[in-house]
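J.: Here you go, this is data_34.cif (mmCIF, C-alpha atoms).
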data_structure
#
loop_
_atom_site.label_atom_id
_atom_site.label_comp_id
_atom_site.auth_asym_id
_atom_site.auth_seq_id
_atom_site.Cartn_x
_atom_site.Cartn_y
_atom_site.Cartn_z
CA MET N 1 113.50 57.07 -59.59
CA ASP N 2 113.29 60.84 -60.19
CA ALA N 3 115.96 62.08 -57.82
CA MET N 4 119.53 60.89 -57.65
CA SER N 5 121.74 61.57 -54.67
CA THR N 6 125.15 63.09 -55.31
CA GLU N 7 127.94 64.28 -53.07
CA SER N 8 126.28 67.70 -52.85
CA GLY N 9 122.69 66.51 -52.26
CA ASP N 10 119.83 65.66 -54.57
CA MET N 11 119.37 66.74 -58.14
CA LEU N 12 116.20 66.35 -60.08
CA TRP N 13 116.12 64.14 -63.15
CA GLN N 14 112.98 64.98 -65.11
CA HIS N 15 111.04 62.61 -67.35
CA ALA N 16 109.56 65.48 -69.36
CA LEU N 17 111.79 67.50 -71.66
CA PRO N 18 112.21 70.91 -69.99
CA MET N 19 113.11 72.65 -73.26
CA ALA N 20 111.97 72.94 -76.88
CA GLY N 21 113.57 73.39 -80.29
CA ASN N 22 116.90 71.92 -81.30
CA ALA N 23 117.83 70.98 -77.72
CA ALA N 24 114.64 68.94 -77.33
CA ASP N 25 115.32 67.26 -80.66
CA TRP N 26 118.82 66.18 -79.54
CA LEU N 27 117.75 65.02 -76.09
CA GLY N 28 114.33 63.55 -76.80
CA ASP N 29 115.21 61.36 -79.76
CA PRO N 30 116.22 57.87 -78.61
CA GLY N 31 117.84 57.12 -81.98
CA LEU N 32 121.54 56.72 -82.73
CA LEU N 33 123.37 59.85 -81.58
CA THR N 34 126.89 59.49 -82.98
CA ASP N 35 125.96 59.48 -86.67
CA ASP N 36 123.69 62.52 -86.23
CA VAL N 37 126.45 64.41 -84.37
CA ARG N 38 128.84 63.54 -87.20
CA ARG N 39 126.39 64.90 -89.82
CA SER N 40 125.50 68.00 -87.80
CA CYS N 41 129.02 69.28 -87.06
CA ASP N 42 131.31 71.01 -89.50
CA ASP N 43 134.52 69.42 -88.24
CA PRO N 44 135.31 65.67 -88.24
CA LEU N 45 134.02 63.85 -85.17
CA VAL N 46 136.51 62.03 -82.95
CA LEU N 47 135.35 59.62 -80.25
CA SER N 48 137.99 59.16 -77.53
CA VAL N 49 137.91 56.63 -74.72
CA LEU N 50 138.87 58.27 -71.43
CA HIS N 51 138.28 55.23 -69.20
CA ASP N 52 137.23 51.67 -69.90
CA GLY N 53 137.41 48.98 -67.27
CA ARG N 54 136.15 47.23 -64.20
CA ALA N 55 135.06 49.58 -61.45
CA ARG N 56 132.84 49.83 -58.43
CA LEU N 57 129.59 51.48 -59.48
CA PRO N 58 128.90 54.83 -57.79
CA ALA N 59 126.24 54.45 -55.10
CA ASN N 60 123.84 56.78 -56.91
CA VAL N 61 124.13 54.78 -60.13
CA HIS N 62 123.70 51.48 -58.29
CA ALA N 63 120.60 52.83 -56.54
CA ALA N 64 119.04 53.80 -59.89
CA LEU N 65 119.48 50.34 -61.45
CA PRO N 66 116.39 48.14 -61.18
CA GLY N 67 116.87 44.86 -59.35
CA ALA N 68 119.44 43.72 -56.82
CA PHE N 69 122.66 43.86 -58.80
CA SER N 70 126.26 43.94 -57.67
CA ARG N 71 128.04 47.25 -57.00
CA GLU N 72 130.98 45.76 -58.87
CA GLY N 73 130.85 46.31 -62.59
CA TRP N 74 132.21 48.13 -65.58
CA GLN N 75 132.51 51.77 -66.54
CA ARG N 76 133.32 53.41 -69.85
CA GLU N 77 133.86 57.13 -70.24
CA ILE N 78 134.12 58.76 -73.66
CA SER N 79 134.25 62.18 -75.24
CA MET N 80 133.09 63.21 -78.69
CA ARG N 81 134.84 66.19 -80.20
CA ALA N 82 134.15 68.01 -83.44
CA GLY N 83 137.58 69.42 -84.16
CA GLU N 84 138.73 70.97 -80.88
CA MET N 85 135.19 71.46 -79.55
CA LEU N 86 133.77 68.97 -77.05
CA VAL N 87 130.17 68.21 -78.06
CA VAL N 88 129.24 65.16 -75.91
CA HIS N 89 130.76 63.52 -72.84
CA ALA N 90 129.29 60.16 -71.81
CA ARG N 91 129.66 57.54 -69.10
CA THR N 92 128.27 54.03 -69.29
CA PHE N 93 127.82 51.81 -66.24
CA ALA N 94 126.96 48.13 -66.12
CA PRO N 95 126.85 45.84 -63.09
CA ALA N 96 128.97 42.67 -63.06
CA GLU N 97 125.94 40.55 -63.99
CA THR N 98 125.48 42.50 -67.23
CA ILE N 99 129.19 42.24 -68.07
CA ALA N 100 129.24 38.50 -67.34
CA ALA N 101 126.47 37.96 -69.90
CA HIS N 102 127.75 40.59 -72.37
CA ASP N 103 131.54 40.73 -72.10
CA TRP N 104 131.69 42.28 -75.59
CA LEU N 105 130.94 45.61 -73.86
CA GLU N 106 134.50 45.62 -72.55
CA SER N 107 135.92 45.53 -76.07
CA LEU N 108 133.97 48.42 -77.64
CA GLY N 109 137.03 50.63 -77.89
CA THR N 110 136.09 53.71 -79.93
CA SER N 111 133.00 52.04 -81.42
CA PRO N 112 129.77 53.84 -80.48
CA LEU N 113 127.72 52.05 -77.81
CA GLY N 114 124.49 52.82 -79.66
CA HIS N 115 125.63 50.94 -82.77
CA ALA N 116 126.45 47.84 -80.70
CA LEU N 117 123.13 47.97 -78.83
CA ALA N 118 121.19 48.46 -82.08
CA LYS N 119 122.57 45.13 -83.34
CA LEU N 120 121.04 43.30 -80.36
CA GLY N 121 117.49 42.20 -81.03
CA ASP N 122 116.30 42.62 -77.47
CA ALA N 123 118.16 45.75 -76.31
CA ALA N 124 115.77 48.54 -75.36
CA ARG N 125 116.06 52.00 -73.89
CA VAL N 126 113.41 51.71 -71.20
CA ASP N 127 113.75 55.14 -69.56
CA MET N 128 115.14 58.58 -70.38
CA GLN N 129 115.47 61.46 -67.93
CA TYR N 130 116.93 64.96 -68.20
CA CYS N 131 118.86 67.38 -66.01
CA ASP N 132 120.67 70.69 -66.44
CA SER N 133 124.32 69.59 -66.77
CA THR N 134 125.57 72.42 -64.60
CA LEU N 135 123.65 71.00 -61.60
CA ILE N 136 125.47 67.66 -61.65
CA THR N 137 128.18 67.37 -59.03
CA GLY N 138 130.28 64.63 -57.49
CA ASP N 139 131.51 61.58 -59.36
CA LEU N 140 128.98 62.04 -62.18
CA ALA N 141 129.83 65.68 -62.90
CA PRO N 142 130.62 66.33 -66.57
CA PRO N 143 133.54 68.45 -67.74
CA ALA N 144 132.93 72.20 -67.40
CA GLU N 145 132.61 72.41 -71.19
CA CYS N 146 129.33 70.46 -70.92
CA ASP N 147 127.23 73.50 -70.16
CA GLY N 148 123.99 72.27 -71.72
CA TRP N 149 121.74 69.42 -70.66
CA SER N 150 122.32 65.82 -69.64
CA ARG N 151 120.34 62.72 -70.43
CA ARG N 152 120.25 59.61 -68.25
CA SER N 153 119.10 56.46 -70.07
CA LEU N 154 118.39 53.02 -68.73
CA PHE N 155 118.83 50.17 -71.19
CA GLU N 156 117.82 46.56 -70.66
CA PHE N 157 118.81 43.52 -72.66
CA ASP N 158 118.36 39.92 -71.63
CA GLY N 159 116.71 41.38 -68.52
CA LEU N 160 119.99 43.04 -67.48
CA PRO N 161 120.54 46.79 -66.99
CA LEU N 162 123.02 49.28 -68.38
CA MET N 163 122.95 52.99 -67.53
CA LEU N 164 124.20 55.72 -69.84
CA PHE N 165 124.81 59.36 -68.89
CA GLU N 166 125.23 61.72 -71.86
CA HIS N 167 126.26 65.33 -71.23
CA PHE N 168 125.71 67.73 -74.13
CA THR N 169 127.34 71.08 -74.74
CA ALA N 170 125.18 74.13 -75.36
CA ALA N 171 127.00 74.58 -78.69
CA LEU N 172 125.73 71.21 -79.94
CA LEU N 173 122.21 71.69 -78.55
CA GLN N 174 121.87 74.93 -80.53
CA ARG N 175 122.53 73.13 -83.83
CA ALA N 176 119.85 71.48 -85.90
CA ARG N 177 120.04 67.69 -85.68
CA LEU N 178 120.74 66.36 -89.16
CA ARG N 179 119.55 62.79 -89.73
CA ALA N 180 120.20 60.34 -92.52
#
What would you get if you wrote out this structure as structure tokens?
T.:
Amino acid sequence: MDAMSTESGDMLWQHALPMAGNAADWLGDPGLLTDDVRRSCDDPLVLSVLHDGRARLPANVHAALPGAFSREGWQREISMRAGEMLVVHARTFAPAETIAAHDWLESLGTSPLGHALAKLGDAARVDMQYCDSTLITGDLAPPAECDGWSRRSLFEFDGLPLMLFEHFTAALLQRARLRA
């Protein structure tokens, strides 16, 4: 699905990276993000949980999940800050069926989602799409500080979906991505 409906209309999620350079490196690499952010920023990285719990999935998220899954589910919202600067804001959504099979998701706390998914043998990022963060409105809108690009990823494990929205700040996207 290339377009996602929001409270203000449709916004286009693109499969092709609409930029080059450091921004494309951050957004296009499906590898573990948190460790690279930690290495690439001068200040210590702090991951904070803003929301973690059962919730009704937004209609636009539900519509983008493959299969006929419940609108009831789980949502986790986090921020990553390097010192005082927000670098990434993310929201994860999973329908009730995914949570029933993988209740460990509800106990992630401040642990990075990517690390937990990497430990699963059959977890796979099956789709990545991109959108200018400033175009996102409604219940998926990132904080105003996220003035760069957003990435929407669909993961599947055990045949069950999980959707992750990551909103990047322009300040992070301008930095070179340092890997291990």
J.: Which residues, named as in the file, does the PyMOL selection byres ((chain N and resi 82) around 6) pick out? Answer as a list in words.
T.: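 Applied to this file, the PyMOL selection byres ((chain N and resi 82) around 6) returns Asp43, Pro44, Leu45, Arg81, Gly83 and Met85 of chain N.
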J.: Residues near Cys146 (chain N), anyone? I mean within 10 Å using only C-alpha atoms, not counting same-chain ones fewer than 4 positions away, as a PyMOL selection string.
T.: chain N and resi 86-89+132-134+141-142+150+166-172
J.: Identify, on the basis of only C-alpha atoms, every residue whose closest approach to Phe157 (chain N) does not exceed 12 Å; exclude the query and any residue fewer than 6 positions from it along the same chain; express the result as a ChimeraX atom specification.
T.: /N:94,97-99,101-102,116-126,163
J.: For CA of Pro58 (chain N) and CA of Leu140 (chain N), determine how far apart the two atoms are, in Å to one decimal place.
T.: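 Interatomic distance here is 8.4 Å.
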J.: In Å, rounded to a single decimal, give me how far CA of Phe165 (chain N) is from CA of Pro95 (chain N).
T.: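 It comes out at 14.9 Å.
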J.: On this structure, the PyMOL selection byres ((chain N and resi 112) around 12) would catch which residues? List them as JSON, numbers by chain, sorted by chain and number.
T.: {"N": [32, 33, 34, 35, 37, 38, 45, 46, 47, 48, 49, 76, 77, 78, 79, 80, 90, 91, 92, 105, 107, 108, 109, 110, 111, 113, 114, 115, 116, 117, 118, 119]}
J.: Mind giving me the straight-line distance from CA of Met19 (chain N) to CA of Ala180 (chain N) in Å, one decimal?
T.: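 Going from CA of Met19 (chain N) over to CA of Ala180 (chain N) covers 23.9 Å.
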J.: Enclose region 77-83 of chain N, meaning all of its atoms listed in the file, in a box aligned along x, y and z, pad it by 3 Å on each side, and list the centre and edge lengths in Å to one decimal, as JSON.
T.:
{"center_x": 135.3, "center_y": 63.3, "center_z": -77.2, "size_x": 10.5, "size_y": 18.3, "size_z": 19.9}
J.: Taking the file as shown, what set of residues would the PyMOL selection byres ((chain N and resi 62) around 10) give back, as a ChimeraX atom specification?
T.: /N:56-61,63-73,93-95,163
